[in-house]
Amino acid sequence: YLEHFWNQWSGPDFQIATSALEHLTTAYARPGAFTSAIAWYRAGPGMVASALAETPPAPSKRVPIPTSALWPEHDPIFPRAWSDRLGEFFSDVHLVHADGVGHFTPVEAPNRFAELISHAAAAT
């Protein structure tokens with residue numbers, strides 16, 4: 001189950017390390033963890049419908065905190081095309097595209113992820 005989603009939702013060149021997959025398997029083996037994960041995904045269709053119906057807030061109601069977003073190229077859950085609306089919800093947003101990366105951006109591109117955090121921290 002876990003390996004399937006890591007292979008399907010990662011970027012085309014990413015291969016999860018065996019040790020990382022074993023770690024995930026151990027975490028999901030805890031009592032109730034797998035059931036909770038399935039319940040979260042079963043709730044997903046409602047969240048997607050809600051997100052697709054979302055309308056931008058008035059400019060005065062946008063998130064005012066400077067925000068950085070690292071948006072992957074190959075995420076089947078959050079397509080890159082959706083990143084074009086960030087400015088409708090954040091008044092100060094910095095968008096960085098993560099080419100070649102899928103849904104698991106912090107794991108697939110840890111250096112780019114850390115750089116974005118460092119950049120945001122330096123700006124504050």
# chains A, B, ... in the order shown; residues from 1 in each chain; ligands from 1
>>> residues_around(residues="Pro66 (chain A)", least_positions_apart="4", cutoff="9 Å", atoms="only C-alpha atoms", output="PDB file with N, CA, C and O atoms, in the first residue's frame")
ATOM      1  N   PHE A  90      -3.271  34.991  -0.680  1.00  0.00           N
ATOM      2  CA  PHE A  90      -2.154  35.523   0.108  1.00  0.00           C
ATOM      3  C   PHE A  90      -1.779  36.887  -0.464  1.00  0.00           C
ATOM      4  O   PHE A  90      -1.627  37.041  -1.669  1.00  0.00           O
ATOM      5  N   SER A  91      -1.589  37.860   0.416  1.00  0.00           N
ATOM      6  CA  SER A  91      -1.244  39.192  -0.081  1.00  0.00           C
ATOM      7  C   SER A  91       0.241  39.328  -0.385  1.00  0.00           C
ATOM      8  O   SER A  91       0.640  40.230  -1.119  1.00  0.00           O
ATOM      9  N   ASP A  92       1.073  38.447   0.154  1.00  0.00           N
ATOM     10  CA  ASP A  92       2.518  38.500  -0.082  1.00  0.00           C
ATOM     11  C   ASP A  92       3.028  37.068  -0.222  1.00  0.00           C
ATOM     12  O   ASP A  92       3.423  36.437   0.761  1.00  0.00           O
ATOM     13  N   VAL A  93       2.997  36.536  -1.438  1.00  0.00           N
ATOM     14  CA  VAL A  93       3.365  35.138  -1.652  1.00  0.00           C
ATOM     15  C   VAL A  93       4.528  35.044  -2.632  1.00  0.00           C
ATOM     16  O   VAL A  93       4.602  35.789  -3.616  1.00  0.00           O
ATOM     17  N   HIS A  94       5.445  34.164  -2.318  1.00  0.00           N
ATOM     18  CA  HIS A  94       6.610  33.879  -3.158  1.00  0.00           C
ATOM     19  C   HIS A  94       6.492  32.424  -3.609  1.00  0.00           C
ATOM     20  O   HIS A  94       6.577  31.510  -2.787  1.00  0.00           O
ATOM     21  N   ALA A 120      12.973  32.185   3.799  1.00  0.00           N
ATOM     22  CA  ALA A 120      11.862  32.803   4.522  1.00  0.00           C
ATOM     23  C   ALA A 120      12.305  33.292   5.893  1.00  0.00           C
ATOM     24  O   ALA A 120      11.916  34.370   6.327  1.00  0.00           O
ATOM     25  N   ALA A 123      14.284  36.477   5.690  1.00  0.00           N
ATOM     26  CA  ALA A 123      13.468  37.640   5.321  1.00  0.00           C
ATOM     27  C   ALA A 123      12.708  38.225   6.500  1.00  0.00           C
ATOM     28  O   ALA A 123      12.185  39.329   6.406  1.00  0.00           O
ATOM     29  N   THR A 124      12.617  37.466   7.605  1.00  0.00           N
ATOM     30  CA  THR A 124      11.854  37.974   8.755  1.00  0.00           C
ATOM     31  C   THR A 124      12.706  38.726   9.734  1.00  0.00           C
ATOM     32  O   THR A 124      13.853  38.725   9.760  1.00  0.00           O
TER      33      THR A 124
END
>>> residues_around(residues="Ile16 (chain A)", least_positions_apart="6", cutoff="9 Å", atoms="only C-alpha atoms", output="list in words")
Glu3, Trp6, Asn7, Ser10, Val107 and Glu108 of chain A
>>> write_last_selection(atoms="N, CA, C and O atoms", output="JSON list (two decimals), in the first residue's frame")
[["chain", "number", "residue", "atom", "x", "y", "z"],
["A", 3, "GLU", "N", 4.12, 1.58, -0.54],
["A", 3, "GLU", "CA", 5.03, 1.62, -1.69],
["A", 3, "GLU", "C", 4.28, 2.04, -2.95],
["A", 3, "GLU", "O", 4.80, 2.81, -3.77],
["A", 6, "TRP", "N", 3.81, 5.84, -2.81],
["A", 6, "TRP", "CA", 5.09, 6.53, -2.98],
["A", 6, "TRP", "C", 5.53, 6.46, -4.44],
["A", 6, "TRP", "O", 6.04, 7.43, -4.99],
["A", 7, "ASN", "N", 5.32, 5.33, -5.08],
["A", 7, "ASN", "CA", 5.71, 5.20, -6.48],
["A", 7, "ASN", "C", 4.79, 6.00, -7.41],
["A", 7, "ASN", "O", 5.25, 6.55, -8.41],
["A", 10, "SER", "N", 5.13, 10.20, -6.41],
["A", 10, "SER", "CA", 6.45, 10.84, -6.44],
["A", 10, "SER", "C", 6.78, 11.28, -7.86],
["A", 10, "SER", "O", 6.16, 10.85, -8.83],
["A", 107, "VAL", "N", 10.62, 15.28, 1.07],
["A", 107, "VAL", "CA", 11.45, 14.08, 0.98],
["A", 107, "VAL", "C", 12.14, 14.01, -0.38],
["A", 107, "VAL", "O", 13.30, 13.61, -0.47],
["A", 108, "GLU", "N", 11.44, 14.40, -1.41],
["A", 108, "GLU", "CA", 11.99, 14.32, -2.77],
["A", 108, "GLU", "C", 12.99, 15.43, -3.07],
["A", 108, "GLU", "O", 13.90, 15.25, -3.88]]
>>> select_by_dssp(residues="region 16-96 of chain A", states="strand (DSSP E or B)", output="PyMOL selection string")
chain A and resi 63+67-72+90+93-96
>>> write_last_selection(atoms="C-alpha atoms", output="PDB file, in the first residue's frame")
ATOM      1  CA  VAL A  63      -3.429  36.055   4.481  1.00  0.00           C
ATOM      2  CA  THR A  67       4.346  33.202   2.562  1.00  0.00           C
ATOM      3  CA  SER A  68       6.628  31.008   0.480  1.00  0.00           C
ATOM      4  CA  ALA A  69       5.284  28.028  -1.456  1.00  0.00           C
ATOM      5  CA  LEU A  70       7.361  25.275  -3.028  1.00  0.00           C
ATOM      6  CA  TRP A  71       5.024  23.754  -5.623  1.00  0.00           C
ATOM      7  CA  PRO A  72       5.910  20.407  -7.189  1.00  0.00           C
ATOM      8  CA  PHE A  90      -2.154  35.523   0.108  1.00  0.00           C
ATOM      9  CA  VAL A  93       3.365  35.138  -1.652  1.00  0.00           C
ATOM     10  CA  HIS A  94       6.610  33.879  -3.158  1.00  0.00           C
ATOM     11  CA  LEU A  95       6.073  30.868  -5.440  1.00  0.00           C
ATOM     12  CA  VAL A  96       8.932  28.511  -6.277  1.00  0.00           C
TER      13      VAL A  96
END
>>> closest_residue(among="A:Ser118, A:Val101, A:Pro12, A:Phe78", to="Val48 (chain A)", atoms="only C-alpha atoms")
A:Phe78
>>> select_by_dssp(residues="chain A", states="alpha helix (DSSP H)", output="ChimeraX atom specification")
/A:2-9,18-28,33-42,44-52,105-108,110-123
>>> residues_around(residues="Glu54 (chain A)", least_positions_apart="5", cutoff="12 Å", atoms="only C-alpha atoms", output="ChimeraX atom specification")
/A:47-49,82,85,88-89
>>> write_last_selection(atoms="all heavy atoms", output="PDB file, in the first residue's frame")
ATOM      1  N   MET A  47     -13.278  17.220   0.493  1.00  0.00           N
ATOM      2  CA  MET A  47     -12.328  18.325   0.570  1.00  0.00           C
ATOM      3  C   MET A  47     -12.011  18.862  -0.819  1.00  0.00           C
ATOM      4  O   MET A  47     -11.887  20.064  -1.010  1.00  0.00           O
ATOM      5  CB  MET A  47     -11.046  17.872   1.273  1.00  0.00           C
ATOM      6  CG  MET A  47     -11.225  17.606   2.757  1.00  0.00           C
ATOM      7  SD  MET A  47      -9.685  17.244   3.623  1.00  0.00           S
ATOM      8  CE  MET A  47      -9.146  15.742   2.813  1.00  0.00           C
ATOM      9  N   VAL A  48     -11.873  17.977  -1.799  1.00  0.00           N
ATOM     10  CA  VAL A  48     -11.575  18.412  -3.162  1.00  0.00           C
ATOM     11  C   VAL A  48     -12.734  19.238  -3.710  1.00  0.00           C
ATOM     12  O   VAL A  48     -12.535  20.300  -4.293  1.00  0.00           O
ATOM     13  CB  VAL A  48     -11.255  17.213  -4.080  1.00  0.00           C
ATOM     14  CG1 VAL A  48     -11.180  17.642  -5.526  1.00  0.00           C
ATOM     15  CG2 VAL A  48      -9.960  16.548  -3.638  1.00  0.00           C
ATOM     16  N   ALA A  49     -13.949  18.754  -3.522  1.00  0.00           N
ATOM     17  CA  ALA A  49     -15.115  19.502  -3.990  1.00  0.00           C
ATOM     18  C   ALA A  49     -15.169  20.877  -3.337  1.00  0.00           C
ATOM     19  O   ALA A  49     -15.463  21.882  -3.989  1.00  0.00           O
ATOM     20  CB  ALA A  49     -16.391  18.722  -3.711  1.00  0.00           C
ATOM     21  N   TRP A  82      -2.901  24.829 -10.279  1.00  0.00           N
ATOM     22  CA  TRP A  82      -3.593  25.485  -9.165  1.00  0.00           C
ATOM     23  C   TRP A  82      -2.754  26.580  -8.519  1.00  0.00           C
ATOM     24  O   TRP A  82      -3.290  27.450  -7.830  1.00  0.00           O
ATOM     25  CB  TRP A  82      -3.996  24.467  -8.104  1.00  0.00           C
ATOM     26  CG  TRP A  82      -5.079  23.526  -8.520  1.00  0.00           C
ATOM     27  CD1 TRP A  82      -5.705  23.449  -9.740  1.00  0.00           C
ATOM     28  CD2 TRP A  82      -5.657  22.506  -7.723  1.00  0.00           C
ATOM     29  NE1 TRP A  82      -6.639  22.440  -9.736  1.00  0.00           N
ATOM     30  CE2 TRP A  82      -6.630  21.830  -8.504  1.00  0.00           C
ATOM     31  CE3 TRP A  82      -5.450  22.076  -6.427  1.00  0.00           C
ATOM     32  CZ2 TRP A  82      -7.385  20.775  -8.031  1.00  0.00           C
ATOM     33  CZ3 TRP A  82      -6.204  21.019  -5.945  1.00  0.00           C
ATOM     34  CH2 TRP A  82      -7.162  20.381  -6.746  1.00  0.00           C
ATOM     35  N   ARG A  85      -3.399  30.615  -8.472  1.00  0.00           N
ATOM     36  CA  ARG A  85      -4.388  31.333  -7.662  1.00  0.00           C
ATOM     37  C   ARG A  85      -3.866  31.731  -6.281  1.00  0.00           C
ATOM     38  O   ARG A  85      -4.611  32.310  -5.482  1.00  0.00           O
ATOM     39  CB  ARG A  85      -5.636  30.467  -7.505  1.00  0.00           C
ATOM     40  CG  ARG A  85      -6.346  30.238  -8.847  1.00  0.00           C
ATOM     41  CD  ARG A  85      -7.694  29.596  -8.695  1.00  0.00           C
ATOM     42  NE  ARG A  85      -8.572  30.470  -7.913  1.00  0.00           N
ATOM     43  CZ  ARG A  85      -9.593  30.018  -7.180  1.00  0.00           C
ATOM     44  NH1 ARG A  85      -9.877  28.738  -7.138  1.00  0.00           N
ATOM     45  NH2 ARG A  85     -10.339  30.858  -6.492  1.00  0.00           N
ATOM     46  N   GLU A  88      -4.514  35.164  -4.972  1.00  0.00           N
ATOM     47  CA  GLU A  88      -5.888  35.500  -4.610  1.00  0.00           C
ATOM     48  C   GLU A  88      -6.168  35.250  -3.125  1.00  0.00           C
ATOM     49  O   GLU A  88      -7.179  35.712  -2.599  1.00  0.00           O
ATOM     50  CB  GLU A  88      -6.869  34.682  -5.446  1.00  0.00           C
ATOM     51  CG  GLU A  88      -6.799  34.972  -6.936  1.00  0.00           C
ATOM     52  CD  GLU A  88      -7.692  34.036  -7.737  1.00  0.00           C
ATOM     53  OE1 GLU A  88      -8.583  33.372  -7.157  1.00  0.00           O
ATOM     54  OE2 GLU A  88      -7.493  33.964  -8.965  1.00  0.00           O
ATOM     55  N   PHE A  89      -5.287  34.483  -2.460  1.00  0.00           N
ATOM     56  CA  PHE A  89      -5.516  34.106  -1.066  1.00  0.00           C
ATOM     57  C   PHE A  89      -4.438  34.644  -0.120  1.00  0.00           C
ATOM     58  O   PHE A  89      -4.644  34.712   1.084  1.00  0.00           O
ATOM     59  CB  PHE A  89      -5.599  32.585  -0.950  1.00  0.00           C
ATOM     60  CG  PHE A  89      -6.787  32.024  -1.693  1.00  0.00           C
ATOM     61  CD1 PHE A  89      -6.688  31.692  -3.040  1.00  0.00           C
ATOM     62  CD2 PHE A  89      -8.007  31.876  -1.062  1.00  0.00           C
ATOM     63  CE1 PHE A  89      -7.796  31.195  -3.731  1.00  0.00           C
ATOM     64  CE2 PHE A  89      -9.105  31.385  -1.752  1.00  0.00           C
ATOM     65  CZ  PHE A  89      -9.000  31.048  -3.091  1.00  0.00           C
TER      66      PHE A  89
END
>>> atom_distance(atom1="CA of Ala81 (chain A)", atom2="CA of Gly102 (chain A)")
13.8 Å
>>> atom_distance(atom1="CA of Leu86 (chain A)", atom2="CA of Lys61 (chain A)")
13.5 Å
>>> closest_residue(among="A:Thr55, A:Ser36, A:Thr105, A:Asn111", to="Phe14 (chain A)", atoms="only C-alpha atoms")
A:Thr105
